[in-house]
file protein10.tsv (TSV, C-alpha atoms)
chain	number	residue	atom	x	y	z
A	23	MET	CA	20.98	40.36	-8.94
A	24	ASP	CA	22.79	38.93	-5.92
A	25	PRO	CA	20.29	36.64	-4.12
A	26	SER	CA	22.05	37.30	-0.81
A	27	LEU	CA	20.95	40.95	-0.97
A	28	TYR	CA	17.25	40.05	-0.94
A	29	GLN	CA	15.37	40.75	2.27
A	30	ILE	CA	11.99	39.64	3.60
A	31	ILE	CA	9.43	41.72	5.46
A	32	THR	CA	6.01	40.79	6.75
A	33	THR	CA	3.94	43.94	6.56
A	34	SER	CA	1.34	45.08	9.08
A	35	ARG	CA	-1.25	43.48	6.77
A	36	GLY	CA	0.45	40.13	7.30
A	37	LEU	CA	1.77	39.96	3.74
A	38	LYS	CA	5.30	38.83	2.95
A	39	TYR	CA	7.33	41.01	0.59
A	40	SER	CA	10.67	40.08	-0.93
A	41	TYR	CA	12.94	42.94	-1.97
A	42	TYR	CA	16.48	43.57	-3.13
A	43	PHE	CA	18.34	46.05	-0.92
A	44	SER	CA	21.75	47.66	-1.09
A	45	PRO	CA	22.34	50.58	1.32
A	46	ALA	CA	23.46	53.99	0.14
A	47	HIS	CA	26.96	55.30	0.54
A	48	PRO	CA	27.28	58.51	2.60
A	49	SER	CA	25.64	61.53	0.89
A	50	LYS	CA	23.99	59.32	-1.73
A	51	LEU	CA	20.23	58.99	-2.24
A	52	THR	CA	18.18	55.80	-2.04
A	53	LEU	CA	16.21	54.75	-5.13
A	54	LEU	CA	13.00	52.69	-4.94
A	55	PHE	CA	12.22	50.82	-8.18
A	56	CYS	CA	8.69	49.48	-8.83
A	57	HIS	CA	8.02	47.03	-11.66
A	58	GLY	CA	4.79	46.26	-13.50
A	59	PHE	CA	3.10	43.37	-15.33
A	60	PRO	CA	4.21	40.67	-15.91
A	61	SER	CA	7.56	41.11	-14.22
A	62	THR	CA	9.62	40.70	-11.08
A	63	SER	CA	12.27	42.82	-9.42
A	64	ASP	CA	14.76	41.33	-11.89
A	65	ASP	CA	13.36	43.53	-14.67
A	66	TRP	CA	15.28	46.36	-13.03
A	67	HIS	CA	18.60	44.51	-12.91
A	68	HIS	CA	20.30	46.85	-15.40
A	69	GLN	CA	19.36	49.90	-13.36
A	70	ALA	CA	19.81	48.35	-9.92
A	71	LEU	CA	23.34	47.16	-10.59
A	72	TYR	CA	24.34	50.40	-12.28
A	73	PHE	CA	23.17	52.65	-9.47
A	74	LYS	CA	24.44	50.29	-6.78
A	75	GLY	CA	27.85	50.61	-8.41
A	76	LYS	CA	27.53	54.40	-8.21
A	77	GLY	CA	26.92	54.23	-4.47
A	78	TYR	CA	23.20	54.88	-4.48
A	79	GLY	CA	20.94	52.96	-2.15
A	80	VAL	CA	18.75	50.58	-4.11
A	81	ILE	CA	15.46	48.98	-3.10
A	82	VAL	CA	13.68	46.77	-5.64
A	83	PRO	CA	10.65	44.86	-4.37
A	84	ASP	CA	8.88	42.01	-6.00
A	85	MET	CA	5.53	43.78	-6.15
A	86	LEU	CA	2.47	42.14	-4.64
A	87	GLY	CA	1.54	39.05	-6.67
A	88	TYR	CA	5.04	38.52	-8.10
A	89	GLY	CA	8.35	36.76	-7.53
A	90	ASN	CA	8.95	35.74	-3.93
A	91	THR	CA	6.39	38.20	-2.55
A	92	ASP	CA	3.01	36.84	-1.48
A	93	LYS	CA	0.42	36.29	-4.21
A	94	PRO	CA	-3.04	36.59	-2.68
A	95	SER	CA	-5.96	35.96	-5.02
A	96	ASP	CA	-8.30	38.47	-3.36
A	97	PRO	CA	-8.35	41.62	-5.54
A	98	ALA	CA	-9.27	43.79	-2.55
A	99	LEU	CA	-5.74	43.31	-1.20
A	100	TYR	CA	-4.29	45.06	-4.27
A	101	VAL	CA	-5.88	48.50	-3.87
A	102	SER	CA	-3.35	51.30	-3.87
A	103	SER	CA	-3.91	52.70	-0.40
A	104	ALA	CA	-2.95	49.34	1.10
A	105	MET	CA	-0.03	48.61	-1.21
A	106	SER	CA	1.36	52.11	-0.66
A	107	LYS	CA	1.52	51.39	3.06
A	108	ASP	CA	3.31	48.09	2.34
A	109	LEU	CA	6.01	49.89	0.34
A	110	VAL	CA	6.51	52.58	2.96
A	111	GLU	CA	6.91	49.85	5.59
A	112	ILE	CA	9.83	48.51	3.53
A	113	LEU	CA	11.45	51.96	3.73
A	114	ASP	CA	10.78	52.05	7.46
A	115	LYS	CA	12.42	48.66	7.96
A	116	GLU	CA	15.59	49.92	6.28
A	117	ASN	CA	15.46	53.30	8.09
A	118	ILE	CA	15.00	55.24	4.85
A	119	VAL	CA	13.34	58.57	5.59
A	120	GLN	CA	13.06	59.77	1.99
A	121	ALA	CA	13.72	58.22	-1.41
A	122	VAL	CA	13.58	58.81	-5.13
A	123	THR	CA	11.07	56.44	-6.68
A	124	ILE	CA	11.25	55.06	-10.22
A	125	ALA	CA	8.58	53.04	-11.99
A	126	HIS	CA	7.54	51.18	-15.14
A	127	ASP	CA	4.12	49.96	-16.31
A	128	TRP	CA	1.79	49.24	-13.32
A	129	GLY	CA	4.64	50.32	-11.09
A	130	CYS	CA	3.72	53.82	-12.26
A	131	LYS	CA	0.32	53.51	-10.61
A	132	ALA	CA	1.99	52.33	-7.42
A	133	VAL	CA	4.36	55.31	-7.48
A	134	SER	CA	1.55	57.73	-8.36
A	135	ARG	CA	-0.28	56.65	-5.22
A	136	LEU	CA	2.86	56.92	-3.12
A	137	ALA	CA	2.86	60.57	-4.20
A	138	ASN	CA	-0.79	60.87	-3.18
A	139	TYR	CA	-0.56	59.17	0.20
A	140	TYR	CA	3.04	59.69	1.34
A	141	PRO	CA	4.40	62.82	-0.40
A	142	ASP	CA	6.72	63.51	2.55
A	143	ARG	CA	8.58	60.23	1.99
A	144	PHE	CA	9.55	60.76	-1.67
A	145	ILE	CA	11.56	63.62	-3.10
A	146	ALA	CA	11.46	62.87	-6.83
A	147	TYR	CA	9.51	60.65	-9.21
A	148	ALA	CA	10.48	58.94	-12.47
A	149	PHE	CA	7.96	57.22	-14.74
A	150	PHE	CA	8.74	54.96	-17.71
A	151	ALA	CA	6.25	54.11	-20.49
A	152	VAL	CA	3.34	55.18	-18.30
A	153	GLY	CA	3.11	58.68	-16.87
A	154	PHE	CA	1.68	59.82	-13.57
A	155	LEU	CA	-1.78	58.29	-13.14
A	156	PRO	CA	-4.15	60.76	-11.49
A	157	PRO	CA	-6.73	59.46	-9.02
A	158	ARG	CA	-10.07	58.51	-10.55
A	159	PRO	CA	-12.38	58.39	-7.53
A	160	GLY	CA	-15.84	56.86	-7.67
A	161	THR	CA	-17.42	54.27	-9.91
A	162	THR	CA	-17.13	54.31	-13.67
A	163	ASP	CA	-18.27	52.18	-16.59
A	164	PHE	CA	-15.16	50.57	-18.04
A	165	GLY	CA	-16.97	50.24	-21.35
A	166	ASP	CA	-17.15	54.03	-21.57
A	167	GLN	CA	-13.37	54.20	-21.22
A	168	LEU	CA	-12.96	51.78	-24.12
A	169	LYS	CA	-15.32	53.84	-26.30
A	170	THR	CA	-13.32	56.97	-25.53
A	171	GLU	CA	-10.04	55.23	-26.37
A	172	LYS	CA	-11.34	54.01	-29.71
A	173	ALA	CA	-12.73	57.42	-30.61
A	174	THR	CA	-9.50	59.15	-29.61
A	175	TYR	CA	-6.80	56.75	-30.80
A	176	GLY	CA	-8.53	54.64	-33.45
A	177	TYR	CA	-8.60	51.42	-31.42
A	178	GLU	CA	-9.22	50.29	-27.86
A	179	LEU	CA	-6.07	50.41	-25.76
A	180	SER	CA	-7.38	48.56	-22.71
A	181	GLY	CA	-9.77	45.93	-24.04
A	182	PHE	CA	-7.55	43.16	-22.69
A	183	TYR	CA	-8.34	44.32	-19.13
A	184	LEU	CA	-11.73	42.64	-19.52
A	185	PHE	CA	-10.16	39.28	-20.40
A	186	PHE	CA	-7.63	39.60	-17.57
A	187	SER	CA	-10.54	40.21	-15.18
A	188	GLU	CA	-12.26	36.93	-16.03
A	189	ASP	CA	-11.93	34.02	-13.59
A	190	ASP	CA	-10.49	31.66	-16.20
A	191	ALA	CA	-7.89	34.12	-17.49
A	192	PRO	CA	-5.01	33.05	-15.20
A	193	GLY	CA	-5.36	29.46	-16.37
A	194	ILE	CA	-5.57	30.39	-20.05
A	195	VAL	CA	-2.49	32.62	-19.85
A	196	ARG	CA	-0.56	29.90	-18.02
A	197	ASP	CA	-1.73	27.02	-20.21
A	198	HIS	CA	-0.65	28.92	-23.33
A	199	ILE	CA	2.56	30.29	-21.84
A	200	ASP	CA	4.60	30.34	-25.08
A	201	SER	CA	1.89	32.28	-26.87
A	202	SER	CA	1.59	34.55	-23.81
A	203	ILE	CA	5.29	35.37	-23.88
A	204	SER	CA	5.13	35.94	-27.61
A	205	ILE	CA	2.26	38.42	-27.44
A	206	LEU	CA	3.57	40.22	-24.36
A	207	PHE	CA	7.05	40.61	-25.85
A	208	PRO	CA	6.60	40.83	-29.62
A	209	ARG	CA	9.44	41.89	-31.90
A	210	ASP	CA	6.95	44.01	-33.84
A	211	PRO	CA	5.23	46.41	-31.39
A	212	LYS	CA	2.33	46.93	-33.80
A	213	VAL	CA	1.14	43.41	-32.93
A	214	TRP	CA	-0.48	44.91	-29.81
A	215	GLU	CA	-2.84	47.00	-31.95
A	216	THR	CA	-4.58	43.91	-33.34
A	217	ARG	CA	-3.62	40.97	-31.13
A	218	MET	CA	-3.76	42.38	-27.58
A	219	ALA	CA	-5.38	45.76	-27.03
A	220	PRO	CA	-8.91	45.44	-28.54
A	221	THR	CA	-11.54	43.53	-26.60
A	222	GLY	CA	-11.48	39.78	-27.24
A	223	THR	CA	-8.31	39.70	-29.32
A	224	LEU	CA	-5.87	38.58	-26.63
A	225	GLU	CA	-7.94	35.61	-25.51
A	226	ALA	CA	-8.46	34.52	-29.12
A	227	THR	CA	-4.74	34.87	-29.83
A	228	LEU	CA	-3.80	32.68	-26.87
A	229	LEU	CA	-6.40	30.02	-27.60
A	230	GLU	CA	-5.04	29.60	-31.12
A	231	ASN	CA	-1.49	29.35	-29.70
A	232	TRP	CA	-0.37	32.15	-32.00
A	233	GLU	CA	3.29	33.10	-31.80
A	234	THR	CA	5.52	35.79	-33.28
A	235	PRO	CA	9.29	36.33	-33.04
A	236	LEU	CA	10.70	37.75	-29.81
A	237	PRO	CA	12.71	40.99	-29.68
A	238	SER	CA	16.50	40.99	-29.57
A	239	TYR	CA	16.58	42.06	-25.91
A	240	MET	CA	14.81	38.84	-24.87
A	241	SER	CA	17.11	35.86	-25.19
A	242	GLU	CA	16.11	32.23	-25.05
A	243	GLU	CA	17.56	32.21	-21.53
A	244	ASP	CA	15.32	35.14	-20.59
A	245	LYS	CA	12.31	33.31	-22.02
A	246	LYS	CA	13.16	30.18	-20.08
A	247	ALA	CA	13.51	32.16	-16.84
A	248	PHE	CA	10.16	33.85	-17.44
A	249	LYS	CA	8.46	30.50	-18.07
A	250	THR	CA	9.98	28.94	-14.98
A	251	THR	CA	8.91	31.84	-12.78
A	252	PHE	CA	5.36	32.21	-14.00
A	253	LEU	CA	4.61	28.52	-14.42
A	254	LYS	CA	5.56	28.20	-10.77
A	255	ASN	CA	3.83	31.31	-9.46
A	256	GLY	CA	0.85	31.55	-11.79
A	257	PHE	CA	-1.04	34.64	-12.85
A	258	GLU	CA	-3.82	34.82	-10.25
A	259	GLY	CA	-2.02	37.53	-8.28
A	260	PRO	CA	-0.74	39.62	-11.19
A	261	LEU	CA	-4.16	39.77	-12.84
A	262	CYS	CA	-5.69	41.23	-9.67
A	263	TRP	CA	-4.00	44.49	-10.69
A	264	TYR	CA	-6.44	44.53	-13.62
A	265	LYS	CA	-9.52	43.28	-11.78
A	266	ILE	CA	-9.53	46.25	-9.40
A	267	MET	CA	-9.64	48.56	-12.42
A	268	THR	CA	-12.66	46.92	-14.05
A	269	ASN	CA	-14.68	46.20	-10.88
A	270	ASN	CA	-14.33	49.76	-9.48
A	271	MET	CA	-12.38	48.72	-6.38
A	272	GLN	CA	-9.59	51.11	-7.34
A	273	GLY	CA	-11.97	53.98	-8.01
A	274	GLU	CA	-13.59	53.52	-4.62
A	275	ASP	CA	-10.16	53.33	-3.01
A	276	ASP	CA	-9.10	56.57	-4.70
A	277	GLU	CA	-11.83	58.36	-2.76
A	278	LYS	CA	-9.50	58.20	0.25
A	279	ILE	CA	-6.91	60.50	-1.36
A	280	PRO	CA	-6.83	64.00	0.19
A	281	SER	CA	-7.95	66.70	-2.23
A	282	THR	CA	-4.71	68.57	-1.54
A	283	GLN	CA	-2.58	65.63	-2.67
A	284	VAL	CA	-3.91	64.64	-6.08
A	285	VAL	CA	-0.55	65.38	-7.73
A	286	PRO	CA	3.01	65.16	-6.39
A	287	PRO	CA	4.31	68.22	-4.53
A	288	SER	CA	5.55	70.90	-6.93
A	289	SER	CA	8.90	70.80	-5.14
A	290	SER	CA	9.49	67.24	-6.35
A	291	PRO	CA	11.19	66.91	-9.75
A	292	ILE	CA	9.56	64.52	-12.23
A	293	PHE	CA	11.08	62.49	-15.08
A	294	PHE	CA	8.94	60.92	-17.79
A	295	GLY	CA	10.55	58.45	-20.18
A	296	ALA	CA	8.15	57.73	-23.03
A	297	ALA	CA	8.36	54.67	-25.27
A	298	LYS	CA	7.90	55.87	-28.84
A	299	GLN	CA	6.91	52.44	-30.19
A	300	ASP	CA	4.52	51.52	-27.37
A	301	ARG	CA	1.11	50.75	-28.88
A	302	ILE	CA	-0.85	50.65	-25.59
A	303	CYS	CA	0.83	53.09	-23.20
A	304	LEU	CA	1.01	55.81	-25.81
A	305	PRO	CA	3.50	58.65	-25.20
A	306	GLU	CA	0.85	61.30	-25.86
A	307	ILE	CA	-1.17	60.10	-22.86
A	308	GLY	CA	1.72	60.84	-20.54
A	309	TYR	CA	2.46	64.15	-22.22
A	310	GLN	CA	-1.18	65.17	-21.87
A	311	THR	CA	-1.13	64.40	-18.15
A	312	PHE	CA	1.94	66.53	-17.51
A	313	SER	CA	0.60	69.39	-19.63
A	314	ASP	CA	-2.41	69.72	-17.34
A	315	LYS	CA	-2.56	72.95	-15.35
A	316	SER	CA	-2.11	70.97	-12.12
A	317	PHE	CA	1.54	70.50	-13.18
A	318	ASN	CA	2.16	74.15	-14.13
A	319	ASN	CA	4.46	74.68	-11.16
A	320	HIS	CA	6.31	71.37	-11.46
A	321	THR	CA	9.69	70.72	-13.03
A	322	VAL	CA	9.03	67.90	-15.50
A	323	THR	CA	11.83	66.42	-17.59
A	324	THR	CA	10.71	64.32	-20.56
A	325	HIS	CA	12.66	62.06	-22.89
A	326	GLU	CA	11.30	59.90	-25.69
A	327	TYR	CA	13.08	56.62	-26.38
A	328	ASP	CA	12.90	54.82	-29.72
A	329	ALA	CA	11.70	51.69	-27.98
A	330	ASP	CA	8.67	49.53	-27.37
A	331	HIS	CA	6.97	49.17	-23.98
A	332	TRP	CA	9.92	47.30	-22.45
A	333	LEU	CA	12.37	50.19	-22.70
A	334	ILE	CA	14.01	49.45	-19.35
A	335	LEU	CA	15.16	46.15	-20.89
A	336	SER	CA	15.99	47.35	-24.39
A	337	LYS	CA	17.57	50.76	-23.64
A	338	PRO	CA	19.35	50.27	-20.29
A	339	ASP	CA	22.45	52.35	-21.04
A	340	GLU	CA	20.43	55.34	-22.24
A	341	ILE	CA	18.07	55.12	-19.31
A	342	ASN	CA	20.84	54.79	-16.74
A	343	ARG	CA	22.63	57.79	-18.23
A	344	ASP	CA	19.49	59.93	-18.35
A	345	LEU	CA	18.31	58.97	-14.88
A	346	GLU	CA	21.68	59.71	-13.34
A	347	ALA	CA	21.91	63.07	-15.12
A	348	TRP	CA	18.39	63.97	-14.00
A	349	ILE	CA	19.03	63.03	-10.38
A	350	GLU	CA	22.34	64.87	-10.22
A	351	SER	CA	21.05	68.00	-11.99
A	352	SER	CA	17.87	68.24	-9.91
A	353	GLY	CA	19.73	69.18	-6.75
A	354	ILE	CA	17.56	66.90	-4.62
A	355	GLU	CA	18.68	65.86	-1.17
A	356	ALA	CA	17.10	63.47	1.29
A	357	ASN	CA	16.45	64.48	4.87

call {"tool": "encode", "arguments": {"input": "protein10.tsv", "output": "structure tokens"}}
result
Amino acid sequence: MDPSLYQIITTSRGLKYSYYFSPAHPSKLTLLFCHGFPSTSDDWHHQALYFKGKGYGVIVPDMLGYGNTDKPSDPALYVSSAMSKDLVEILDKENIVQAVTIAHDWGCKAVSRLANYYPDRFIAYAFFAVGFLPPRPGTTDFGDQLKTEKATYGYELSGFYLFFSEDDAPGIVRDHIDSSISILFPRDPKVWETRMAPTGTLEATLLENWETPLPSYMSEEDKKAFKTTFLKNGFEGPLCWYKIMTNNMQGEDDEKIPSTQVVPPSSSPIFFGAAKQDRICLPEIGYQTFSDKSFNNHTVTTHEYDADHWLILSKPDEINRDLEAWIESSGIEAN
């Protein structure tokens, strides 16, 4: 994406955010794209360039901990109430009153909390791979979550959170960067069932420098760019997104969410793009969320892609087509 279109803001928390911005043509909506782990704003380049060419406004931040945005190592700075305010301040800087927001991976948690804290600023929500993530206020035992996952799905889905929460994890991931890239972007999605998701398997895989072929959508040039970025920036910031989940910071933060705003407004259309081959963010988890009675009055559009977790990279044409059709058919207008 054109480097000259990147802007810098220092938020009221004193944190610097870098974000790509192209203003909307008259009568066109502005789209806010939020990436996940381990990514940067560039993961959305297929979508950003497509919708920019269609006249939509496009905002794509490097999320906190990534790219040219600040990378604090204090997990407390990554709780959703604070990051939601950061993102809204970006909209304020560009005089955007309302936007459509689109997310992948951990970006889906960021967008879920935007719906909880600032429902008046967003008129539609799109989630890829991960569905809407309801608030989970209070303290919980992460081990209980892992037991439930194994009983429900046959294996732990989130065991790697525990490794990512350890103090030495950023160094291990960085020191074994080729193995890290291999396990995060495997050609065979089933690798995640045995090499990443269950407790202890990811750390063991990295320490043995295990590698597997990369998928076709990740070229050697892409791999080189990833290595350059993350060897420079490290993983201390990105892994804070996991630490707040295992140390209950996020649960305590969720207690701030008003009881009347635990789901997006029913007037806001929702799109859920599931990744059929994802072995951690299983499609059925998203479907179950949107089948809950709290969404009975919502208009939810779902589409399942024959793709692994990284569907925004592997299925860009399909996703651009479906997103555009959803936006245009929803009849949404910004104030």

call {"tool": "closest_atom_pairs", "arguments": {"input": "protein10.tsv", "of": "segment 221-246 of chain A", "to": "segment 200-211 of chain A", "cutoff": "6 Å", "atoms": "only C-alpha atoms", "output": "Markdown table"}}
result
| residue | atom | partner | partner_atom | distance |
| --- | --- | --- | --- | --- |
| A:Leu228 | CA | A:Ser201 | CA | 5.7 |
| A:Asn231 | CA | A:Ser201 | CA | 5.3 |
| A:Trp232 | CA | A:Ser201 | CA | 5.6 |
| A:Glu233 | CA | A:Ser201 | CA | 5.2 |
| A:Thr234 | CA | A:Ser204 | CA | 5.7 |
| A:Pro235 | CA | A:Arg209 | CA | 5.7 |
| A:Leu236 | CA | A:Arg209 | CA | 4.8 |
| A:Pro237 | CA | A:Arg209 | CA | 4.1 |

call {"tool": "closest_residue", "arguments": {"input": "protein10.tsv", "among": "A:Ala296, A:Leu168, A:Met85, A:Leu99", "to": "Cys262 of chain A", "atoms": "all atoms listed in the file"}}
result
A:Leu99

call {"tool": "closest_residue", "arguments": {"input": "protein10.tsv", "among": "A:Trp332, A:Ile199, A:Glu178, A:Pro287", "to": "Lys246 of chain A", "atoms": "all atoms listed in the file"}}
result
A:Ile199

call {"tool": "residues_near_point", "arguments": {"input": "protein10.tsv", "point": "(19.3, 45.1, -1.2)", "cutoff": "8 Å", "atoms": "all atoms listed in the file", "output": "list of chain:residue names"}}
result
A:Leu27, A:Tyr28, A:Gln29, A:Tyr41, A:Tyr42, A:Phe43, A:Ser44, A:Pro45, A:Val80, A:Ile81, A:Val82

call {"tool": "atom_distance", "arguments": {"input": "protein10.tsv", "atom1": "atom CA of Leu333 of chain A", "atom2": "atom CA of Glu346 of chain A"}}
result
16.3 Å

call {"tool": "closest_residue", "arguments": {"input": "protein10.tsv", "among": "A:Gly222, A:Gln272, A:Leu109, A:Asp24", "to": "Gly160 of chain A", "atoms": "only C-alpha atoms"}}
result
A:Gln272

call {"tool": "residues_around", "arguments": {"input": "protein10.tsv", "residues": "His57 of chain A", "least_positions_apart": "6", "cutoff": "9 Å", "atoms": "only C-alpha atoms", "output": "list in words"}}
result
Ser63, Asp64, Asp65, Trp66, Val82, Pro83, Asp84, Met85, Ile124, Ala125, His126, Asp127, Trp128, Gly129 and Cys130 of chain A

call {"tool": "closest_residue", "arguments": {"input": "protein10.tsv", "among": "A:Lys265, A:Lys278, A:Lys315, A:Lys337", "to": "Ala297 of chain A", "atoms": "all atoms listed in the file"}}
result
A:Lys337

call {"tool": "atom_distance", "arguments": {"input": "protein10.tsv", "atom1": "atom CA of Phe150 of chain A", "atom2": "atom CA of Gly295 of chain A"}}
result
4.6 Å

call {"tool": "residues_near_point", "arguments": {"input": "protein10.tsv", "point": "(4.8, 32.6, -7.9)", "cutoff": "9 Å", "atoms": "all atoms listed in the file", "output": "count of residues only"}}
result
15

call {"tool": "closest_residue", "arguments": {"input": "protein10.tsv", "among": "A:Pro159, A:Pro291, A:Pro280, A:Pro338", "to": "Val322 of chain A", "atoms": "only C-alpha atoms"}}
result
A:Pro291

call {"tool": "residues_around", "arguments": {"input": "protein10.tsv", "residues": "Leu345 of chain A", "least_positions_apart": "6", "cutoff": "12 Å", "atoms": "only C-alpha atoms", "output": "ChimeraX atom specification"}}
result
/A:53,69-70,72-73,122-125,146-150,291-295,323-325,334,338-339,351-352

call {"tool": "write_last_selection", "arguments": {"input": "protein10.tsv", "atoms": "C-alpha atoms", "output": "PDB file, in the frame of the given file"}}
result
ATOM      1  CA  LEU A  53      16.210  54.750  -5.130  1.00  0.00           C
ATOM      2  CA  GLN A  69      19.360  49.900 -13.360  1.00  0.00           C
ATOM      3  CA  ALA A  70      19.810  48.350  -9.920  1.00  0.00           C
ATOM      4  CA  TYR A  72      24.340  50.400 -12.280  1.00  0.00           C
ATOM      5  CA  PHE A  73      23.170  52.650  -9.470  1.00  0.00           C
ATOM      6  CA  VAL A 122      13.580  58.810  -5.130  1.00  0.00           C
ATOM      7  CA  THR A 123      11.070  56.440  -6.680  1.00  0.00           C
ATOM      8  CA  ILE A 124      11.250  55.060 -10.220  1.00  0.00           C
ATOM      9  CA  ALA A 125       8.580  53.040 -11.990  1.00  0.00           C
ATOM     10  CA  ALA A 146      11.460  62.870  -6.830  1.00  0.00           C
ATOM     11  CA  TYR A 147       9.510  60.650  -9.210  1.00  0.00           C
ATOM     12  CA  ALA A 148      10.480  58.940 -12.470  1.00  0.00           C
ATOM     13  CA  PHE A 149       7.960  57.220 -14.740  1.00  0.00           C
ATOM     14  CA  PHE A 150       8.740  54.960 -17.710  1.00  0.00           C
ATOM     15  CA  PRO A 291      11.190  66.910  -9.750  1.00  0.00           C
ATOM     16  CA  ILE A 292       9.560  64.520 -12.230  1.00  0.00           C
ATOM     17  CA  PHE A 293      11.080  62.490 -15.080  1.00  0.00           C
ATOM     18  CA  PHE A 294       8.940  60.920 -17.790  1.00  0.00           C
ATOM     19  CA  GLY A 295      10.550  58.450 -20.180  1.00  0.00           C
ATOM     20  CA  THR A 323      11.830  66.420 -17.590  1.00  0.00           C
ATOM     21  CA  THR A 324      10.710  64.320 -20.560  1.00  0.00           C
ATOM     22  CA  HIS A 325      12.660  62.060 -22.890  1.00  0.00           C
ATOM     23  CA  ILE A 334      14.010  49.450 -19.350  1.00  0.00           C
ATOM     24  CA  PRO A 338      19.350  50.270 -20.290  1.00  0.00           C
ATOM     25  CA  ASP A 339      22.450  52.350 -21.040  1.00  0.00           C
ATOM     26  CA  SER A 351      21.050  68.000 -11.990  1.00  0.00           C
ATOM     27  CA  SER A 352      17.870  68.240  -9.910  1.00  0.00           C
TER      28      SER A 352
END

call {"tool": "residues_around", "arguments": {"input": "protein10.tsv", "residues": "Lys172 of chain A", "least_positions_apart": "4", "cutoff": "12 Å", "atoms": "only C-alpha atoms", "output": "list in words"}}
result
Gly165, Asp166, Gln167, Leu168, Gly176, Tyr177, Glu178, Leu179, Ser180, Gly181, Glu215, Ala219, Pro220, Thr221 and Ile302 of chain A

call {"tool": "closest_residue", "arguments": {"input": "protein10.tsv", "among": "A:Pro97, A:His68, A:Leu51, A:Asp163", "to": "Glu340 of chain A", "atoms": "all atoms listed in the file"}}
result
A:His68

call {"tool": "atom_distance", "arguments": {"input": "protein10.tsv", "atom1": "atom CA of Gly79 of chain A", "atom2": "atom CA of Lys50 of chain A"}}
result
7.1 Å

call {"tool": "axis_aligned_box", "arguments": {"input": "protein10.tsv", "around": "segment 117-121 of chain A", "padding_each_side": "3 Å", "output": "AutoDock Vina command-line options"}}
result
--center_x 14.3 --center_y 56.5 --center_z 3.3 --size_x 8.4 --size_y 12.5 --size_z 15.5

call {"tool": "residues_around", "arguments": {"input": "protein10.tsv", "residues": "Glu277 of chain A", "least_positions_apart": "6", "cutoff": "12 Å", "atoms": "only C-alpha atoms", "output": "list in words"}}
result
Val101, Ser102, Ser103, Arg135, Asn138, Tyr139, Pro156, Pro157, Arg158, Pro159, Gly160, Thr161, Asn270, Met271, Gln283 and Val284 of chain A

call {"tool": "decode", "arguments": {"input": "protein10.tsv", "residues": "segment 346-357 of chain A", "atoms": "N, CA and C atoms", "output": "mmCIF file, in the first residue's frame"}}
result
data_model
loop_
_atom_site.group_PDB
_atom_site.id
_atom_site.type_symbol
_atom_site.label_atom_id
_atom_site.label_comp_id
_atom_site.auth_asym_id
_atom_site.auth_seq_id
_atom_site.Cartn_x
_atom_site.Cartn_y
_atom_site.Cartn_z
ATOM 1 N N GLU A 346 -18.449 -6.337 -0.851
ATOM 2 C CA GLU A 346 -19.076 -5.251 -1.603
ATOM 3 C C GLU A 346 -20.574 -5.506 -1.788
ATOM 4 N N ALA A 347 -20.932 -6.753 -2.112
ATOM 5 C CA ALA A 347 -22.341 -7.085 -2.303
ATOM 6 C C ALA A 347 -23.112 -6.909 -0.996
ATOM 7 N N TRP A 348 -22.501 -7.317 0.105
ATOM 8 C CA TRP A 348 -23.149 -7.179 1.417
ATOM 9 C C TRP A 348 -23.361 -5.704 1.777
ATOM 10 N N ILE A 349 -22.325 -4.905 1.587
ATOM 11 C CA ILE A 349 -22.441 -3.482 1.911
ATOM 12 C C ILE A 349 -23.522 -2.819 1.066
ATOM 13 N N GLU A 350 -23.501 -3.102 -0.235
ATOM 14 C CA GLU A 350 -24.429 -2.430 -1.135
ATOM 15 C C GLU A 350 -25.864 -2.918 -0.943
ATOM 16 N N SER A 351 -26.044 -4.181 -0.566
ATOM 17 C CA SER A 351 -27.402 -4.715 -0.392
ATOM 18 C C SER A 351 -27.985 -4.411 0.982
ATOM 19 N N SER A 352 -27.148 -3.984 1.926
ATOM 20 C CA SER A 352 -27.616 -3.744 3.278
ATOM 21 C C SER A 352 -28.351 -2.417 3.431
ATOM 22 N N GLY A 353 -28.137 -1.531 2.464
ATOM 23 C CA GLY A 353 -28.816 -0.236 2.516
ATOM 24 C C GLY A 353 -28.336 0.665 3.635
ATOM 25 N N ILE A 354 -27.101 0.461 4.090
ATOM 26 C CA ILE A 354 -26.569 1.267 5.196
ATOM 27 C C ILE A 354 -26.045 2.602 4.693
ATOM 28 N N GLU A 355 -26.253 3.618 5.495
ATOM 29 C CA GLU A 355 -25.769 4.954 5.182
ATOM 30 C C GLU A 355 -25.182 5.566 6.441
ATOM 31 N N ALA A 356 -24.090 6.294 6.264
ATOM 32 C CA ALA A 356 -23.460 6.960 7.397
ATOM 33 C C ALA A 356 -24.094 8.325 7.612
ATOM 34 N N ASN A 357 -24.134 8.746 8.862
ATOM 35 C CA ASN A 357 -24.638 10.083 9.161
ATOM 36 C C ASN A 357 -23.612 11.143 8.775
#
